[in-house]
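Just upload38.txt here, compact mmCIF, N, CA and C atoms:
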```txt
# COMPACT_ATOMS: atom_id res chain seq x y z
N MET A 19 65.59 -11.97 15.15
CA MET A 19 64.54 -11.40 15.94
C MET A 19 64.09 -10.07 15.37
N ASP A 20 65.01 -9.31 14.84
CA ASP A 20 64.63 -8.05 14.21
C ASP A 20 63.72 -8.29 13.02
N LEU A 21 63.98 -9.37 12.29
CA LEU A 21 63.19 -9.67 11.11
C LEU A 21 61.73 -9.95 11.50
N SER A 22 61.49 -10.76 12.50
CA SER A 22 60.12 -11.06 12.90
C SER A 22 59.46 -9.84 13.55
N HIS A 23 60.25 -9.06 14.29
CA HIS A 23 59.71 -7.83 14.88
C HIS A 23 59.33 -6.84 13.78
N SER A 24 60.12 -6.78 12.72
CA SER A 24 59.84 -5.90 11.57
C SER A 24 58.56 -6.35 10.87
N HIS A 25 58.40 -7.65 10.70
CA HIS A 25 57.19 -8.16 10.06
C HIS A 25 55.96 -7.87 10.93
N PHE A 26 56.15 -7.99 12.24
CA PHE A 26 55.06 -7.71 13.17
C PHE A 26 54.63 -6.25 13.08
N ARG A 27 55.61 -5.34 13.03
CA ARG A 27 55.29 -3.91 12.94
C ARG A 27 54.62 -3.60 11.60
N THR A 28 55.09 -4.20 10.52
CA THR A 28 54.49 -4.00 9.21
C THR A 28 53.05 -4.53 9.21
N GLY A 29 52.84 -5.67 9.83
CA GLY A 29 51.50 -6.25 9.92
C GLY A 29 50.56 -5.37 10.72
N ILE A 30 51.05 -4.81 11.83
CA ILE A 30 50.24 -3.91 12.66
C ILE A 30 49.88 -2.66 11.87
N ARG A 31 50.86 -2.08 11.14
CA ARG A 31 50.58 -0.88 10.33
C ARG A 31 49.52 -1.19 9.27
N GLY A 32 49.66 -2.33 8.64
CA GLY A 32 48.69 -2.73 7.61
C GLY A 32 47.30 -2.90 8.19
N LEU A 33 47.25 -3.53 9.35
CA LEU A 33 45.97 -3.72 10.02
C LEU A 33 45.34 -2.39 10.41
N CYS A 34 46.16 -1.47 10.92
CA CYS A 34 45.65 -0.14 11.29
C CYS A 34 45.14 0.60 10.07
N MET A 35 45.86 0.51 8.96
CA MET A 35 45.41 1.18 7.73
C MET A 35 44.10 0.57 7.24
N LEU A 36 44.02 -0.75 7.32
CA LEU A 36 42.80 -1.44 6.89
C LEU A 36 41.61 -1.03 7.75
N LEU A 37 41.80 -1.00 9.06
CA LEU A 37 40.71 -0.61 9.96
C LEU A 37 40.34 0.86 9.80
N THR A 38 41.31 1.70 9.46
CA THR A 38 41.04 3.12 9.24
C THR A 38 40.27 3.32 7.94
N CYS A 39 40.61 2.57 6.92
CA CYS A 39 40.00 2.76 5.60
C CYS A 39 38.71 1.96 5.42
N MET A 40 38.49 0.94 6.24
CA MET A 40 37.33 0.07 6.07
C MET A 40 36.01 0.84 6.09
N PRO A 41 35.78 1.74 7.07
CA PRO A 41 34.50 2.47 7.04
C PRO A 41 34.31 3.28 5.76
N LEU A 42 35.37 3.84 5.23
CA LEU A 42 35.26 4.59 3.98
C LEU A 42 34.90 3.67 2.84
N LEU A 43 35.48 2.48 2.82
CA LEU A 43 35.19 1.51 1.78
C LEU A 43 33.73 1.06 1.86
N VAL A 44 33.25 0.79 3.06
CA VAL A 44 31.86 0.35 3.23
C VAL A 44 30.89 1.44 2.80
N VAL A 45 31.17 2.68 3.19
CA VAL A 45 30.30 3.80 2.82
C VAL A 45 30.30 3.99 1.32
N SER A 46 31.45 3.93 0.69
CA SER A 46 31.50 4.14 -0.76
C SER A 46 30.80 3.00 -1.49
N MET A 47 30.90 1.79 -0.98
CA MET A 47 30.20 0.67 -1.62
C MET A 47 28.69 0.84 -1.47
N ALA A 48 28.26 1.30 -0.31
CA ALA A 48 26.83 1.48 -0.07
C ALA A 48 26.24 2.55 -0.97
N HIS A 49 27.00 3.63 -1.21
CA HIS A 49 26.49 4.70 -2.07
C HIS A 49 26.60 4.34 -3.54
N GLY A 50 27.56 3.52 -3.87
CA GLY A 50 27.78 3.19 -5.28
C GLY A 50 26.81 2.16 -5.81
N ALA A 51 26.39 1.24 -4.97
CA ALA A 51 25.50 0.18 -5.41
C ALA A 51 24.07 0.53 -5.04
N ALA A 52 23.20 0.53 -6.03
CA ALA A 52 21.78 0.82 -5.77
C ALA A 52 21.15 -0.41 -5.15
N SER A 53 20.57 -0.25 -3.98
CA SER A 53 19.93 -1.40 -3.33
C SER A 53 18.54 -1.59 -3.93
N PRO A 54 18.22 -2.81 -4.35
CA PRO A 54 16.91 -3.06 -4.94
C PRO A 54 15.82 -2.96 -3.86
N THR A 55 14.66 -2.41 -4.24
CA THR A 55 13.54 -2.27 -3.32
C THR A 55 12.61 -3.46 -3.50
N ASN A 56 12.16 -4.02 -2.40
CA ASN A 56 11.20 -5.11 -2.46
C ASN A 56 9.91 -4.55 -3.08
N PRO A 57 9.45 -5.12 -4.21
CA PRO A 57 8.25 -4.57 -4.88
C PRO A 57 7.00 -4.64 -4.02
N LEU A 58 6.96 -5.53 -3.04
CA LEU A 58 5.78 -5.62 -2.17
C LEU A 58 5.73 -4.50 -1.14
N LEU A 59 6.83 -3.76 -0.99
CA LEU A 59 6.87 -2.66 -0.03
C LEU A 59 6.59 -1.31 -0.66
N ARG A 60 6.52 -1.27 -1.99
CA ARG A 60 6.21 0.00 -2.66
C ARG A 60 4.79 0.42 -2.32
N GLU A 61 4.57 1.72 -2.22
CA GLU A 61 3.24 2.24 -1.91
C GLU A 61 2.71 3.02 -3.10
N PHE A 62 1.41 2.91 -3.31
CA PHE A 62 0.76 3.57 -4.44
C PHE A 62 -0.43 4.36 -3.94
N SER A 63 -0.69 5.49 -4.58
CA SER A 63 -1.87 6.28 -4.27
C SER A 63 -3.04 5.71 -5.07
N ILE A 64 -4.04 5.23 -4.37
CA ILE A 64 -5.25 4.67 -4.99
C ILE A 64 -6.42 5.57 -4.58
N THR A 65 -7.11 6.09 -5.57
CA THR A 65 -8.26 6.96 -5.32
C THR A 65 -9.53 6.12 -5.29
N VAL A 66 -10.34 6.32 -4.28
CA VAL A 66 -11.62 5.62 -4.15
C VAL A 66 -12.73 6.65 -4.36
N ASP A 67 -13.55 6.39 -5.38
CA ASP A 67 -14.65 7.31 -5.70
C ASP A 67 -15.99 6.57 -5.58
N PRO A 68 -16.65 6.70 -4.43
CA PRO A 68 -17.96 6.07 -4.24
C PRO A 68 -19.11 7.07 -4.36
N THR A 69 -18.86 8.22 -4.97
CA THR A 69 -19.86 9.30 -4.96
C THR A 69 -21.12 8.98 -5.75
N ALA A 70 -21.10 7.94 -6.58
CA ALA A 70 -22.31 7.57 -7.33
C ALA A 70 -23.31 6.80 -6.47
N LEU A 71 -22.91 6.39 -5.29
CA LEU A 71 -23.81 5.60 -4.44
C LEU A 71 -24.94 6.47 -3.88
N ASN A 72 -26.17 5.96 -4.04
CA ASN A 72 -27.34 6.68 -3.59
C ASN A 72 -28.28 5.69 -2.94
N PRO A 73 -28.68 5.89 -1.72
CA PRO A 73 -28.41 7.04 -0.85
C PRO A 73 -26.98 6.98 -0.32
N PRO A 74 -26.47 8.13 0.11
CA PRO A 74 -25.12 8.16 0.68
C PRO A 74 -25.03 7.26 1.92
N THR A 75 -23.87 6.70 2.12
CA THR A 75 -23.64 5.83 3.28
C THR A 75 -22.17 5.93 3.67
N TRP A 76 -21.68 5.02 4.49
CA TRP A 76 -20.28 5.00 4.90
C TRP A 76 -19.59 3.80 4.27
N TRP A 77 -18.27 3.90 4.13
CA TRP A 77 -17.51 2.80 3.55
C TRP A 77 -16.19 2.61 4.28
N HIS A 78 -15.59 1.45 4.04
CA HIS A 78 -14.28 1.17 4.64
C HIS A 78 -13.48 0.20 3.79
N VAL A 79 -12.19 0.21 4.03
CA VAL A 79 -11.25 -0.79 3.54
C VAL A 79 -10.57 -1.30 4.82
N PRO A 80 -10.98 -2.48 5.30
CA PRO A 80 -10.46 -2.98 6.59
C PRO A 80 -8.94 -2.96 6.66
N THR A 81 -8.43 -2.60 7.79
CA THR A 81 -7.02 -2.41 8.16
C THR A 81 -6.40 -1.15 7.56
N ILE A 82 -7.14 -0.44 6.72
CA ILE A 82 -6.62 0.78 6.09
C ILE A 82 -7.39 2.01 6.57
N THR A 83 -8.69 1.93 6.59
CA THR A 83 -9.55 3.05 6.98
C THR A 83 -10.33 2.69 8.24
N PRO A 84 -10.95 3.66 8.90
CA PRO A 84 -11.78 3.34 10.06
C PRO A 84 -12.92 2.39 9.66
N LEU A 85 -13.20 1.42 10.50
CA LEU A 85 -14.25 0.44 10.22
C LEU A 85 -15.64 1.04 10.41
N ILE A 86 -16.58 0.58 9.60
CA ILE A 86 -17.96 1.08 9.72
C ILE A 86 -18.77 0.25 10.70
N TRP A 87 -18.30 -0.93 11.07
CA TRP A 87 -19.09 -1.83 11.90
C TRP A 87 -18.91 -1.58 13.39
N SER A 88 -17.94 -0.80 13.76
CA SER A 88 -17.57 -0.74 15.17
C SER A 88 -18.27 0.35 15.99
N LYS A 89 -18.89 1.32 15.36
CA LYS A 89 -19.48 2.43 16.11
C LYS A 89 -20.77 2.91 15.47
N ASP A 90 -21.38 3.85 16.12
CA ASP A 90 -22.57 4.51 15.58
C ASP A 90 -22.15 5.31 14.35
N PRO A 91 -22.75 5.06 13.19
CA PRO A 91 -22.34 5.74 11.96
C PRO A 91 -22.36 7.27 12.03
N ALA A 92 -23.30 7.81 12.78
CA ALA A 92 -23.40 9.27 12.84
C ALA A 92 -22.26 9.91 13.63
N ASN A 93 -21.58 9.12 14.46
CA ASN A 93 -20.53 9.67 15.32
C ASN A 93 -19.19 8.96 15.13
N MET A 94 -18.85 8.64 13.91
CA MET A 94 -17.59 7.93 13.71
C MET A 94 -16.73 8.60 12.64
N ASP A 95 -15.50 8.13 12.55
CA ASP A 95 -14.54 8.70 11.61
C ASP A 95 -14.54 8.03 10.25
N ALA A 96 -15.39 7.04 10.05
CA ALA A 96 -15.41 6.32 8.78
C ALA A 96 -15.74 7.29 7.64
N TYR A 97 -15.27 6.92 6.46
CA TYR A 97 -15.47 7.78 5.29
C TYR A 97 -16.89 7.64 4.74
N GLN A 98 -17.42 8.75 4.25
CA GLN A 98 -18.75 8.74 3.64
C GLN A 98 -18.62 8.64 2.13
N THR A 99 -19.65 8.12 1.51
CA THR A 99 -19.64 7.94 0.06
C THR A 99 -19.83 9.25 -0.69
N THR A 100 -20.02 10.32 0.03
CA THR A 100 -20.17 11.63 -0.62
C THR A 100 -18.80 12.24 -0.95
N GLU A 101 -17.72 11.58 -0.52
CA GLU A 101 -16.38 12.13 -0.73
C GLU A 101 -15.47 11.15 -1.45
N ILE A 102 -14.60 11.69 -2.27
CA ILE A 102 -13.55 10.91 -2.93
C ILE A 102 -12.33 10.95 -2.02
N LYS A 103 -11.72 9.79 -1.78
CA LYS A 103 -10.57 9.70 -0.88
C LYS A 103 -9.39 9.04 -1.59
N ALA A 104 -8.19 9.48 -1.25
CA ALA A 104 -6.97 8.85 -1.74
C ALA A 104 -6.39 8.01 -0.61
N LEU A 105 -6.11 6.74 -0.91
CA LEU A 105 -5.51 5.83 0.05
C LEU A 105 -4.11 5.47 -0.42
N THR A 106 -3.22 5.22 0.50
CA THR A 106 -1.87 4.76 0.17
C THR A 106 -1.84 3.26 0.44
N LEU A 107 -1.72 2.48 -0.64
CA LEU A 107 -1.79 1.03 -0.53
C LEU A 107 -0.55 0.37 -1.14
N LYS A 108 -0.14 -0.72 -0.54
CA LYS A 108 0.93 -1.56 -1.07
C LYS A 108 0.29 -2.63 -1.95
N PRO A 109 1.07 -3.27 -2.81
CA PRO A 109 0.51 -4.37 -3.60
C PRO A 109 -0.09 -5.43 -2.68
N GLY A 110 -1.27 -5.92 -3.06
CA GLY A 110 -1.92 -6.95 -2.26
C GLY A 110 -3.42 -6.96 -2.46
N LYS A 111 -4.10 -7.75 -1.64
CA LYS A 111 -5.55 -7.92 -1.73
C LYS A 111 -6.23 -7.09 -0.65
N TYR A 112 -7.27 -6.39 -1.03
CA TYR A 112 -8.03 -5.52 -0.12
C TYR A 112 -9.52 -5.76 -0.33
N GLN A 113 -10.30 -5.22 0.59
CA GLN A 113 -11.75 -5.32 0.49
C GLN A 113 -12.37 -3.95 0.67
N PHE A 114 -13.25 -3.58 -0.25
CA PHE A 114 -14.05 -2.36 -0.12
C PHE A 114 -15.40 -2.81 0.41
N GLY A 115 -15.97 -2.04 1.35
CA GLY A 115 -17.27 -2.42 1.86
C GLY A 115 -18.11 -1.26 2.34
N THR A 116 -19.42 -1.38 2.12
CA THR A 116 -20.41 -0.50 2.72
C THR A 116 -21.30 -1.41 3.56
N TYR A 117 -22.41 -0.90 4.03
CA TYR A 117 -23.33 -1.74 4.80
C TYR A 117 -24.06 -2.74 3.90
N THR A 118 -24.13 -2.48 2.60
CA THR A 118 -24.93 -3.33 1.71
C THR A 118 -24.13 -3.95 0.56
N PHE A 119 -22.89 -3.61 0.42
CA PHE A 119 -22.12 -4.07 -0.75
C PHE A 119 -20.65 -4.14 -0.39
N ASP A 120 -20.02 -5.27 -0.69
CA ASP A 120 -18.57 -5.35 -0.50
C ASP A 120 -17.97 -6.26 -1.56
N PHE A 121 -16.71 -6.06 -1.82
CA PHE A 121 -16.00 -6.85 -2.82
C PHE A 121 -14.51 -6.75 -2.57
N PHE A 122 -13.77 -7.70 -3.13
CA PHE A 122 -12.32 -7.71 -3.03
C PHE A 122 -11.70 -7.09 -4.28
N PHE A 123 -10.58 -6.42 -4.08
CA PHE A 123 -9.81 -5.90 -5.21
C PHE A 123 -8.33 -6.06 -4.90
N ASN A 124 -7.53 -6.04 -5.93
CA ASN A 124 -6.08 -6.17 -5.78
C ASN A 124 -5.38 -4.93 -6.29
N VAL A 125 -4.27 -4.60 -5.65
CA VAL A 125 -3.33 -3.60 -6.16
C VAL A 125 -2.15 -4.41 -6.67
N THR A 126 -1.83 -4.27 -7.96
CA THR A 126 -0.75 -5.04 -8.56
C THR A 126 0.61 -4.45 -8.21
N LEU A 127 1.67 -5.14 -8.59
CA LEU A 127 3.03 -4.66 -8.33
C LEU A 127 3.32 -3.34 -9.03
N SER A 128 2.55 -3.02 -10.06
CA SER A 128 2.73 -1.74 -10.76
C SER A 128 1.76 -0.67 -10.26
N GLY A 129 0.93 -1.00 -9.27
CA GLY A 129 0.00 -0.02 -8.70
C GLY A 129 -1.33 0.07 -9.42
N ALA A 130 -1.62 -0.90 -10.29
CA ALA A 130 -2.90 -0.90 -11.01
C ALA A 130 -3.92 -1.73 -10.25
N LEU A 131 -5.19 -1.40 -10.43
CA LEU A 131 -6.28 -2.10 -9.76
C LEU A 131 -6.75 -3.30 -10.58
N GLU A 132 -7.06 -4.37 -9.89
CA GLU A 132 -7.64 -5.56 -10.49
C GLU A 132 -8.80 -6.01 -9.61
N PHE A 133 -9.85 -6.52 -10.23
CA PHE A 133 -10.98 -7.07 -9.50
C PHE A 133 -11.73 -7.99 -10.44
N ALA A 134 -12.65 -8.78 -9.90
CA ALA A 134 -13.38 -9.77 -10.69
C ALA A 134 -14.16 -9.10 -11.81
N LYS A 135 -14.14 -9.71 -12.98
CA LYS A 135 -14.88 -9.18 -14.14
C LYS A 135 -16.39 -9.17 -13.87
N THR A 136 -16.84 -10.02 -12.98
CA THR A 136 -18.27 -10.06 -12.64
C THR A 136 -18.73 -8.77 -11.96
N LEU A 137 -17.78 -7.94 -11.52
CA LEU A 137 -18.12 -6.67 -10.86
C LEU A 137 -18.18 -5.50 -11.84
N ASP A 138 -17.90 -5.74 -13.11
CA ASP A 138 -17.81 -4.64 -14.08
C ASP A 138 -19.04 -3.76 -14.12
N GLN A 139 -20.20 -4.30 -13.83
CA GLN A 139 -21.43 -3.51 -13.83
C GLN A 139 -21.45 -2.51 -12.68
N CYS A 140 -20.74 -2.83 -11.59
CA CYS A 140 -20.82 -2.02 -10.39
C CYS A 140 -19.52 -1.31 -10.01
N VAL A 141 -18.40 -1.76 -10.57
CA VAL A 141 -17.11 -1.23 -10.18
C VAL A 141 -16.31 -0.90 -11.43
N GLY A 142 -15.65 0.26 -11.42
CA GLY A 142 -14.81 0.66 -12.55
C GLY A 142 -13.40 0.97 -12.08
N GLY A 143 -12.50 1.01 -13.05
CA GLY A 143 -11.12 1.39 -12.76
C GLY A 143 -10.10 0.30 -12.94
N ARG A 144 -10.48 -0.82 -13.51
CA ARG A 144 -9.52 -1.90 -13.72
C ARG A 144 -8.34 -1.38 -14.54
N GLY A 145 -7.13 -1.67 -14.08
CA GLY A 145 -5.93 -1.26 -14.80
C GLY A 145 -5.49 0.16 -14.49
N SER A 146 -6.25 0.89 -13.69
CA SER A 146 -5.89 2.27 -13.33
C SER A 146 -5.63 2.34 -11.83
N ASN A 147 -5.55 3.56 -11.31
CA ASN A 147 -5.39 3.73 -9.87
C ASN A 147 -6.60 4.43 -9.24
N VAL A 148 -7.74 4.42 -9.96
CA VAL A 148 -8.98 5.03 -9.45
C VAL A 148 -10.05 3.95 -9.39
N LEU A 149 -10.50 3.65 -8.18
CA LEU A 149 -11.54 2.66 -7.96
C LEU A 149 -12.87 3.42 -7.87
N THR A 150 -13.76 3.17 -8.83
CA THR A 150 -15.04 3.86 -8.88
C THR A 150 -16.16 2.85 -8.60
N ILE A 151 -16.98 3.15 -7.62
CA ILE A 151 -18.07 2.25 -7.24
C ILE A 151 -19.38 2.89 -7.70
N HIS A 152 -20.17 2.10 -8.46
CA HIS A 152 -21.42 2.62 -9.05
C HIS A 152 -22.67 2.06 -8.39
N CYS A 153 -22.55 0.97 -7.65
CA CYS A 153 -23.73 0.27 -7.13
C CYS A 153 -23.74 0.22 -5.61
N SER A 154 -24.92 0.30 -5.04
CA SER A 154 -25.08 0.14 -3.60
C SER A 154 -25.27 -1.32 -3.21
N HIS A 155 -25.55 -2.17 -4.19
CA HIS A 155 -25.76 -3.59 -3.96
C HIS A 155 -24.95 -4.36 -5.00
N THR A 156 -24.76 -5.64 -4.74
CA THR A 156 -24.02 -6.47 -5.68
C THR A 156 -24.71 -6.50 -7.05
N GLN A 157 -26.01 -6.57 -7.05
CA GLN A 157 -26.77 -6.52 -8.30
C GLN A 157 -27.33 -5.10 -8.44
N PRO A 158 -27.06 -4.42 -9.53
CA PRO A 158 -27.54 -3.04 -9.67
C PRO A 158 -29.02 -2.96 -10.06
N TYR A 159 -29.89 -3.27 -9.12
CA TYR A 159 -31.32 -3.16 -9.36
C TYR A 159 -31.90 -2.17 -8.36
N PRO A 160 -32.98 -1.48 -8.73
CA PRO A 160 -33.57 -0.52 -7.80
C PRO A 160 -34.12 -1.25 -6.57
N GLN A 161 -33.81 -0.70 -5.43
CA GLN A 161 -34.26 -1.33 -4.19
C GLN A 161 -34.19 -0.29 -3.09
N ASN A 162 -35.07 -0.41 -2.12
CA ASN A 162 -35.03 0.46 -0.96
C ASN A 162 -33.80 0.10 -0.13
N PRO A 163 -33.22 1.08 0.56
CA PRO A 163 -32.06 0.78 1.41
C PRO A 163 -32.40 -0.26 2.47
N ASP A 164 -31.40 -1.08 2.82
CA ASP A 164 -31.59 -2.10 3.84
C ASP A 164 -31.52 -1.54 5.25
N TYR A 165 -31.17 -0.29 5.39
CA TYR A 165 -31.00 0.29 6.72
C TYR A 165 -31.91 1.44 6.95
```

Could you take the file, read its structure, and then write that structure out as structure tokens?
Amino acid sequence: MDLSHSHFRTGIRGLCMLLTCMPLLVVSMAHGAASPTNPLLREFSITVDPTALNPPTWWHVPTITPLIWSKDPANMDAYQTTEIKALTLKPGKYQFGTYTFDFFFNVTLSGALEFAKTLDQCVGGRGSNVLTIHCSHTQPYPQNPDY
């Protein structure tokens, strides 16, 4: 009986030591191993430069900036094309829009901009983090404003 009682006490001591040291082991493992970051959760600073648009108007990137369609333009928080703005975007597909021109663009996993080559006449910045908009309309031809 002493033998089994001795084994029981040794087992209890071992269990207590294990439970006492376990949090230290978990903490040291957590600090020692670098946890990989999901690349889709990384955020990148993307600069939007619509200052070449004439006449000046308002613009938006839905779900990121205030929408231009929801209120009176003169009394809203939407961004104007007279200003360059920095947006914080994760990799994915987005849409830039004004009242007369909109297009889709992508932010890649490395934070670079991609968009259709057919937009090259009106949009610049492919492969960089600066989206520059040159046209008020899809086709860059002289025209009176639609509004």

Interatomic distance between CA of Leu127 (chain A) and atom N of Arg60 (chain A)?
8.0 Å

Box for region 65-84 of chain A: with edges along x, y and z, all listed atoms inside and 6 Å added on each side, what are the centre and edge lengths in Å to one decimal, as lines of an AutoDock Vina configuration file?
```
center_x = -17.5
center_y = 3.2
center_z = 1.4
size_x = 34.3
size_y = 24.3
size_z = 29.4
```

List every protein, DNA or RNA residue that has an atom no more than 6 Å from (-5.3, 2.4, -8.3) in the file's coordinate frame, counting all atoms listed in the file, and report them as an mmCIF file with N, CA and C atoms, keeping the file's coordinate frame.
```cif
data_model
loop_
_atom_site.group_PDB
_atom_site.id
_atom_site.type_symbol
_atom_site.label_atom_id
_atom_site.label_comp_id
_atom_site.auth_asym_id
_atom_site.auth_seq_id
_atom_site.Cartn_x
_atom_site.Cartn_y
_atom_site.Cartn_z
ATOM 1 N N SER A 63 -0.690 5.490 -4.580
ATOM 2 C CA SER A 63 -1.870 6.280 -4.270
ATOM 3 C C SER A 63 -3.040 5.710 -5.070
ATOM 4 N N ILE A 64 -4.040 5.230 -4.370
ATOM 5 C CA ILE A 64 -5.250 4.670 -4.990
ATOM 6 C C ILE A 64 -6.420 5.570 -4.580
ATOM 7 N N THR A 65 -7.110 6.090 -5.570
ATOM 8 C CA THR A 65 -8.260 6.960 -5.320
ATOM 9 C C THR A 65 -9.530 6.120 -5.290
ATOM 10 N N GLY A 129 0.930 -1.000 -9.270
ATOM 11 C CA GLY A 129 0.000 -0.020 -8.700
ATOM 12 C C GLY A 129 -1.330 0.070 -9.420
ATOM 13 N N ALA A 130 -1.620 -0.900 -10.290
ATOM 14 C CA ALA A 130 -2.900 -0.900 -11.010
ATOM 15 C C ALA A 130 -3.920 -1.730 -10.250
ATOM 16 N N LEU A 131 -5.190 -1.400 -10.430
ATOM 17 C CA LEU A 131 -6.280 -2.100 -9.760
ATOM 18 C C LEU A 131 -6.750 -3.300 -10.580
ATOM 19 N N SER A 146 -6.250 0.890 -13.690
ATOM 20 C CA SER A 146 -5.890 2.270 -13.330
ATOM 21 C C SER A 146 -5.630 2.340 -11.830
ATOM 22 N N ASN A 147 -5.550 3.560 -11.310
ATOM 23 C CA ASN A 147 -5.390 3.730 -9.870
ATOM 24 C C ASN A 147 -6.600 4.430 -9.240
ATOM 25 N N VAL A 148 -7.740 4.420 -9.960
ATOM 26 C CA VAL A 148 -8.980 5.030 -9.450
ATOM 27 C C VAL A 148 -10.050 3.950 -9.390
ATOM 28 N N LEU A 149 -10.500 3.650 -8.180
ATOM 29 C CA LEU A 149 -11.540 2.660 -7.960
ATOM 30 C C LEU A 149 -12.870 3.420 -7.870
#
```

Pairwise distance for atom C of Glu101 (chain A) and atom N of Pro68 (chain A), rounded to one decimal in Å
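Atom N of Pro68 (chain A) lies at a distance of 5.5 Å from atom C of Glu101 (chain A).
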
Expected answer as a PyMOL selection string: helix (DSSP H, G or I) residues in region 49-161 of chain A:
chain A and resi 49-50+57-59+91-93+135-137

Keeping N, CA and C atoms for every residue in the selection just given, could you write it to a file as a tab-separated table (two decimals), in the frame of the given file?
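File written: part-v3.tsv
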```tsv
chain	number	residue	atom	x	y	z
A	49	HIS	N	27.00	3.63	-1.21
A	49	HIS	CA	26.49	4.70	-2.07
A	49	HIS	C	26.60	4.34	-3.54
A	50	GLY	N	27.56	3.52	-3.87
A	50	GLY	CA	27.78	3.19	-5.28
A	50	GLY	C	26.81	2.16	-5.81
A	57	PRO	N	9.45	-5.12	-4.21
A	57	PRO	CA	8.25	-4.57	-4.88
A	57	PRO	C	7.00	-4.64	-4.02
A	58	LEU	N	6.96	-5.53	-3.04
A	58	LEU	CA	5.78	-5.62	-2.17
A	58	LEU	C	5.73	-4.50	-1.14
A	59	LEU	N	6.83	-3.76	-0.99
A	59	LEU	CA	6.87	-2.66	-0.03
A	59	LEU	C	6.59	-1.31	-0.66
A	91	PRO	N	-22.75	5.06	13.19
A	91	PRO	CA	-22.34	5.74	11.96
A	91	PRO	C	-22.36	7.27	12.03
A	92	ALA	N	-23.30	7.81	12.78
A	92	ALA	CA	-23.40	9.27	12.84
A	92	ALA	C	-22.26	9.91	13.63
A	93	ASN	N	-21.58	9.12	14.46
A	93	ASN	CA	-20.53	9.67	15.32
A	93	ASN	C	-19.19	8.96	15.13
A	135	LYS	N	-14.14	-9.71	-12.98
A	135	LYS	CA	-14.88	-9.18	-14.14
A	135	LYS	C	-16.39	-9.17	-13.87
A	136	THR	N	-16.84	-10.02	-12.98
A	136	THR	CA	-18.27	-10.06	-12.64
A	136	THR	C	-18.73	-8.77	-11.96
A	137	LEU	N	-17.78	-7.94	-11.52
A	137	LEU	CA	-18.12	-6.67	-10.86
A	137	LEU	C	-18.18	-5.50	-11.84
```

Which of these residues is nearest to Leu85 (chain A), using all atoms listed in the file: A:Tyr97, A:Ile151, A:Asn56, A:Thr136?
A:Tyr97

Just give me the gap between atom C of Ala96 (chain A) and atom N of Val79 (chain A) in Å, one decimal is fine.
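Distance reported for this atom pair: 8.7 Å.
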
Give me, as a PyMOL selection string, the residues of region 61-151 of chain A that a backbone DSSP run labels strand (DSSP E or B).
chain A and resi 62-67+76-78+97-98+103-107+110-115+120-125+131-132+141-142+148-151

Proximity to Glu61 (chain A) - best of A:Thr118, A:Asn124, A:Thr106, A:Gln98, all atoms listed in the file
A:Thr106

Please list as a list in words every residue within 6 Å of Pro109 (chain A), counting only C-alpha atoms and excluding residues in the same chain fewer than 6 positions away.
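The residues that qualify are Leu58, Val125, Thr126 and Leu127 of chain A.
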
For each of A:Glu132, A:Tyr117, A:Val66, A:Ile102, take the minimum atom-to-atom distance to Trp87 (chain A), counting only C-alpha atoms, then give the residue where this is smallest.
A:Tyr117

Write out as a list in words the residues lying within 9 Å of Leu71 (chain A), counting only C-alpha atoms and excluding same-chain residues fewer than 4 positions away.
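The filter keeps Thr75, Thr99, Thr100, Ile151, His152, Cys153 and Ser154 of chain A.
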
Preceding selection exported with N, CA and C atoms as a short mmCIF file (atom, residue, chain, number, x, y, z; two decimals), keeping the file's coordinate frame:
```cif
data_model
loop_
_atom_site.label_atom_id
_atom_site.label_comp_id
_atom_site.auth_asym_id
_atom_site.auth_seq_id
_atom_site.Cartn_x
_atom_site.Cartn_y
_atom_site.Cartn_z
N THR A 75 -23.87 6.70 2.12
CA THR A 75 -23.64 5.83 3.28
C THR A 75 -22.17 5.93 3.67
N THR A 99 -19.65 8.12 1.51
CA THR A 99 -19.64 7.94 0.06
C THR A 99 -19.83 9.25 -0.69
N THR A 100 -20.02 10.32 0.03
CA THR A 100 -20.17 11.63 -0.62
C THR A 100 -18.80 12.24 -0.95
N ILE A 151 -16.98 3.15 -7.62
CA ILE A 151 -18.07 2.25 -7.24
C ILE A 151 -19.38 2.89 -7.70
N HIS A 152 -20.17 2.10 -8.46
CA HIS A 152 -21.42 2.62 -9.05
C HIS A 152 -22.67 2.06 -8.39
N CYS A 153 -22.55 0.97 -7.65
CA CYS A 153 -23.73 0.27 -7.13
C CYS A 153 -23.74 0.22 -5.61
N SER A 154 -24.92 0.30 -5.04
CA SER A 154 -25.08 0.14 -3.60
C SER A 154 -25.27 -1.32 -3.21
#
```

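Closest approach to His155 (chain A) among A:Gly110, A:Pro54, A:Gly115, A:Pro80: A:Gly115, based on only C-alpha atoms.
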
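Minimum distance to Ile86 (chain A) across A:Phe121, A:Asp138, A:Phe114, A:Thr69 (counting only C-alpha atoms) occurs at A:Phe114.
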